[in-house]
Amino acid sequence: MSETVTLEVLRYHPETDSKPHFQSYTVPYHEDWVVLDALNHIKDHLDGTLTYRWSCHMAVCGSCGMMINGEPKLSCHAFLRDYRNGVVRIEPLDHFPIERDLVIVMDSFMEKLSSVKPYMIVEREKPLSEGEYLQTPALLNVYKQYTQCINCLLCYAACPQCALNQDFIGPAALALAHRYNLDSRDGGKDQRADVVASDEGIWECTFVGACSEVCPKHVDPAAAIQQTKISASVDWFKNLLPRGGSA
Amino acid sequence: MSRRPYVREVRRAWWLGQPRYVVYMIRELTSLFIGLYSAWLVIGLVRLAQGRTAWEGFLAATSSPPAVLFQFVCLAFAAYHSITWFAVTPKAMPLTLQGKPVSGNVIVAGHYAAWALVSLVVLIAAGV
């Protein structure tokens, strides 16, 4: 008989279950399968009721994040061969309510994300006749790393502060705010500061660093938050100075 | 279809679940010992202000075996805190020089150099 792998998947059906429970599935082992392939095999051949999000299968869309043996991972980015010895335990991303099976409720994240205004706010709208908002490659490199975020929420599942304080704006949203604050074409830093530099913003972060360790796109939200702390502290001191101190 | 999202409880011992959380909690714990040592120094200042006898009593207490042990424990936690902090300084304080990013190793080495320099100044000032 060919090799198989056992997956223990956390199931939760809101209409029939009072709480989640694990269900085991045995799937064929393939050297080139990722965990998402195994879930798709279950869905297609063993149990069509299993519910989970996925789309691109190539670590771009950020939909298929889940806890795999206790670690937040993109299931399309986690090879079965790395879990060959033993059971693979799959749960929805930590620190989010479970909508159903492996699907989480991400409404709170969407609200936090929009609260930091993660888009370009130019100081002065130029007429088309003045041409583009130019930027050198060096100016692009200042923030480029933070543009790689795919909103997969692995960083929220890794961050204990997100678990302990549900109001914490969290790693991805703060990293994206930093991305726009660093952009030479942007002038919206002051508009973002009310949320970013609040108690629920950067100051709720205690630099555990787990967000950066689990990020599949190497965004390094922990670095973004620490840099924002320094920048916000400098701004705070500047505001203490008499007029002209902000120059 | 009715929505009934299930909220999972955070376990009290959440920080035992992952090695990275344990390391983090040890780093947080270091602040307790650094706080205790600071309190010890404040007591020393108070005793100094009270006169020669009080100050000499404080010095004697500082040299007692339990106090020496306490100071070694504080030193170990302070060193752990400093070393782990230096290791992450390239993230918190990235530098660019003439448009090019400075290597993380250089930033970390700079912190160790500053630590050595400050320690040297303190030792010289203390007349060691």
# chains A, B, ... in the order shown; residues from 1 in each chain; ligands from 1
$ residues_around --residues "Ser212 of chain A" --least-positions-apart "6" --cutoff "10 Å" --atoms "only C-alpha atoms" --output "compact mmCIF listing (two decimals) with N, CA and C atoms, in the first residue's frame"
# COMPACT_ATOMS: atom_id res chain seq x y z
N LEU A 154 -1.05 35.90 9.19
CA LEU A 154 -0.22 35.00 9.99
C LEU A 154 0.39 35.78 11.16
N CYS A 155 0.73 37.05 10.94
CA CYS A 155 1.36 37.83 12.00
C CYS A 155 0.40 38.07 13.17
N ALA A 158 0.35 34.98 15.21
CA ALA A 158 1.59 34.72 15.95
C ALA A 158 1.74 35.65 17.15
N CYS A 159 1.07 36.80 17.10
CA CYS A 159 1.31 37.85 18.10
C CYS A 159 0.48 37.66 19.37
N PRO A 171 0.21 43.89 13.76
CA PRO A 171 1.44 44.02 12.97
C PRO A 171 1.22 44.47 11.52
N ALA A 172 0.36 43.78 10.77
CA ALA A 172 0.25 44.07 9.33
C ALA A 172 -0.24 45.49 9.09
N HIS A 218 8.49 38.09 4.28
CA HIS A 218 9.65 38.79 4.85
C HIS A 218 9.42 40.30 4.97
N VAL A 219 8.23 40.66 5.40
CA VAL A 219 7.88 42.08 5.53
C VAL A 219 8.54 42.69 6.78
N ASP A 220 8.68 41.90 7.83
CA ASP A 220 9.26 42.36 9.09
C ASP A 220 8.44 43.46 9.77
N PRO A 221 7.19 43.15 10.15
CA PRO A 221 6.35 44.15 10.81
C PRO A 221 6.94 44.62 12.14
N ALA A 222 7.66 43.74 12.85
CA ALA A 222 8.23 44.13 14.15
C ALA A 222 9.18 45.30 13.97
N ALA A 223 9.98 45.25 12.90
CA ALA A 223 10.90 46.36 12.63
C ALA A 223 10.13 47.63 12.33
N ALA A 224 9.07 47.49 11.52
CA ALA A 224 8.26 48.67 11.17
C ALA A 224 7.70 49.32 12.43
$ interface_residues --of "chain B" --to "chain A" --cutoff "7 Å" --atoms "only C-alpha atoms" --output "PyMOL selection string"
chain B and resi 3-8+10+24+91-93+99
$ residues_around --residues "Leu153 of chain A" --least-positions-apart "4" --cutoff "8 Å" --atoms "only C-alpha atoms" --output "list in words"
Gly62, Gly65, Leu93, Ala157 and Ala172 of chain A
$ atom_distance --atom1 "atom CA of Met58 of chain A" --atom2 "atom CA of Val9 of chain A"
21.9 Å
$ closest_residue --among "A:Leu182, A:Leu241, A:Cys215, A:Cys205" --to "Met120 of chain A" --atoms "only C-alpha atoms"
A:Leu182
$ atom_distance --atom1 "atom CA of Leu36 of chain A" --atom2 "atom CA of Arg81 of chain A"
12.7 Å
$ select_by_dssp --residues "segment 79-111 of chain B" --states "strand (DSSP E or B)" --output "PyMOL selection string"
chain B and resi 96-97+100-101
$ select_by_dssp --residues "segment 97-127 of chain B" --states "helix (DSSP H, G or I)" --output "ChimeraX atom specification"
/B:104-125
$ write_last_selection --atoms "N, CA and C atoms" --output "PDB file, in the first residue's frame"
ATOM      1  N   GLY B 104      23.695  45.022   9.508  1.00  0.00           N
ATOM      2  CA  GLY B 104      23.196  44.792  10.864  1.00  0.00           C
ATOM      3  C   GLY B 104      24.315  44.484  11.838  1.00  0.00           C
ATOM      4  N   ASN B 105      25.333  43.732  11.364  1.00  0.00           N
ATOM      5  CA  ASN B 105      26.454  43.376  12.243  1.00  0.00           C
ATOM      6  C   ASN B 105      27.187  44.617  12.743  1.00  0.00           C
ATOM      7  N   VAL B 106      27.292  45.620  11.859  1.00  0.00           N
ATOM      8  CA  VAL B 106      27.990  46.858  12.243  1.00  0.00           C
ATOM      9  C   VAL B 106      27.185  47.577  13.332  1.00  0.00           C
ATOM     10  N   ILE B 107      25.853  47.603  13.179  1.00  0.00           N
ATOM     11  CA  ILE B 107      24.998  48.278  14.173  1.00  0.00           C
ATOM     12  C   ILE B 107      25.120  47.569  15.533  1.00  0.00           C
ATOM     13  N   VAL B 108      25.094  46.232  15.490  1.00  0.00           N
ATOM     14  CA  VAL B 108      25.211  45.464  16.735  1.00  0.00           C
ATOM     15  C   VAL B 108      26.593  45.701  17.361  1.00  0.00           C
ATOM     16  N   ALA B 109      27.636  45.639  16.531  1.00  0.00           N
ATOM     17  CA  ALA B 109      29.001  45.842  17.037  1.00  0.00           C
ATOM     18  C   ALA B 109      29.128  47.233  17.658  1.00  0.00           C
ATOM     19  N   GLY B 110      28.467  48.224  17.049  1.00  0.00           N
ATOM     20  CA  GLY B 110      28.494  49.578  17.582  1.00  0.00           C
ATOM     21  C   GLY B 110      27.938  49.633  18.995  1.00  0.00           C
ATOM     22  N   HIS B 111      26.872  48.865  19.237  1.00  0.00           N
ATOM     23  CA  HIS B 111      26.282  48.842  20.575  1.00  0.00           C
ATOM     24  C   HIS B 111      27.229  48.210  21.595  1.00  0.00           C
ATOM     25  N   TYR B 112      27.889  47.108  21.179  1.00  0.00           N
ATOM     26  CA  TYR B 112      28.846  46.472  22.100  1.00  0.00           C
ATOM     27  C   TYR B 112      30.011  47.416  22.393  1.00  0.00           C
ATOM     28  N   ALA B 113      30.457  48.148  21.347  1.00  0.00           N
ATOM     29  CA  ALA B 113      31.570  49.083  21.535  1.00  0.00           C
ATOM     30  C   ALA B 113      31.162  50.184  22.518  1.00  0.00           C
ATOM     31  N   ALA B 114      29.920  50.681  22.351  1.00  0.00           N
ATOM     32  CA  ALA B 114      29.435  51.735  23.251  1.00  0.00           C
ATOM     33  C   ALA B 114      29.336  51.205  24.685  1.00  0.00           C
ATOM     34  N   TRP B 115      28.889  49.938  24.818  1.00  0.00           N
ATOM     35  CA  TRP B 115      28.770  49.297  26.133  1.00  0.00           C
ATOM     36  C   TRP B 115      30.160  49.235  26.788  1.00  0.00           C
ATOM     37  N   ALA B 116      31.158  48.785  26.008  1.00  0.00           N
ATOM     38  CA  ALA B 116      32.518  48.653  26.539  1.00  0.00           C
ATOM     39  C   ALA B 116      33.063  50.015  26.954  1.00  0.00           C
ATOM     40  N   LEU B 117      32.805  51.030  26.127  1.00  0.00           N
ATOM     41  CA  LEU B 117      33.313  52.371  26.399  1.00  0.00           C
ATOM     42  C   LEU B 117      32.706  52.931  27.692  1.00  0.00           C
ATOM     43  N   VAL B 118      31.382  52.799  27.806  1.00  0.00           N
ATOM     44  CA  VAL B 118      30.697  53.317  29.008  1.00  0.00           C
ATOM     45  C   VAL B 118      31.201  52.574  30.252  1.00  0.00           C
ATOM     46  N   SER B 119      31.368  51.233  30.114  1.00  0.00           N
ATOM     47  CA  SER B 119      31.855  50.447  31.254  1.00  0.00           C
ATOM     48  C   SER B 119      33.251  50.913  31.666  1.00  0.00           C
ATOM     49  N   LEU B 120      34.095  51.196  30.665  1.00  0.00           N
ATOM     50  CA  LEU B 120      35.463  51.647  30.931  1.00  0.00           C
ATOM     51  C   LEU B 120      35.444  52.982  31.678  1.00  0.00           C
ATOM     52  N   VAL B 121      34.601  53.901  31.200  1.00  0.00           N
ATOM     53  CA  VAL B 121      34.500  55.217  31.844  1.00  0.00           C
ATOM     54  C   VAL B 121      34.053  55.056  33.301  1.00  0.00           C
ATOM     55  N   VAL B 122      33.066  54.177  33.518  1.00  0.00           N
ATOM     56  CA  VAL B 122      32.552  53.961  34.883  1.00  0.00           C
ATOM     57  C   VAL B 122      33.662  53.386  35.762  1.00  0.00           C
ATOM     58  N   LEU B 123      34.408  52.407  35.225  1.00  0.00           N
ATOM     59  CA  LEU B 123      35.472  51.773  36.012  1.00  0.00           C
ATOM     60  C   LEU B 123      36.564  52.780  36.363  1.00  0.00           C
ATOM     61  N   ILE B 124      36.905  53.635  35.374  1.00  0.00           N
ATOM     62  CA  ILE B 124      37.938  54.648  35.638  1.00  0.00           C
ATOM     63  C   ILE B 124      37.439  55.634  36.691  1.00  0.00           C
ATOM     64  N   ALA B 125      36.177  56.070  36.524  1.00  0.00           N
ATOM     65  CA  ALA B 125      35.598  57.022  37.479  1.00  0.00           C
ATOM     66  C   ALA B 125      35.540  56.429  38.882  1.00  0.00           C
TER      67      ALA B 125
END
$ closest_residue --among "B:Leu95, B:Gly44, B:Thr89, B:Ser82" --to "Arg27 of chain B" --atoms "only C-alpha atoms"
B:Ser82
$ closest_residue --among "A:Cys162, A:Val234, A:Ile68, A:Leu80" --to "Phe109 of chain A" --atoms "only C-alpha atoms"
A:Cys162
$ residues_around --residues "Gln23 of chain A" --least-positions-apart "3" --cutoff "7 Å" --atoms "only C-alpha atoms" --output "JSON, numbers by chain"
{"A": [8, 9, 10, 11]}
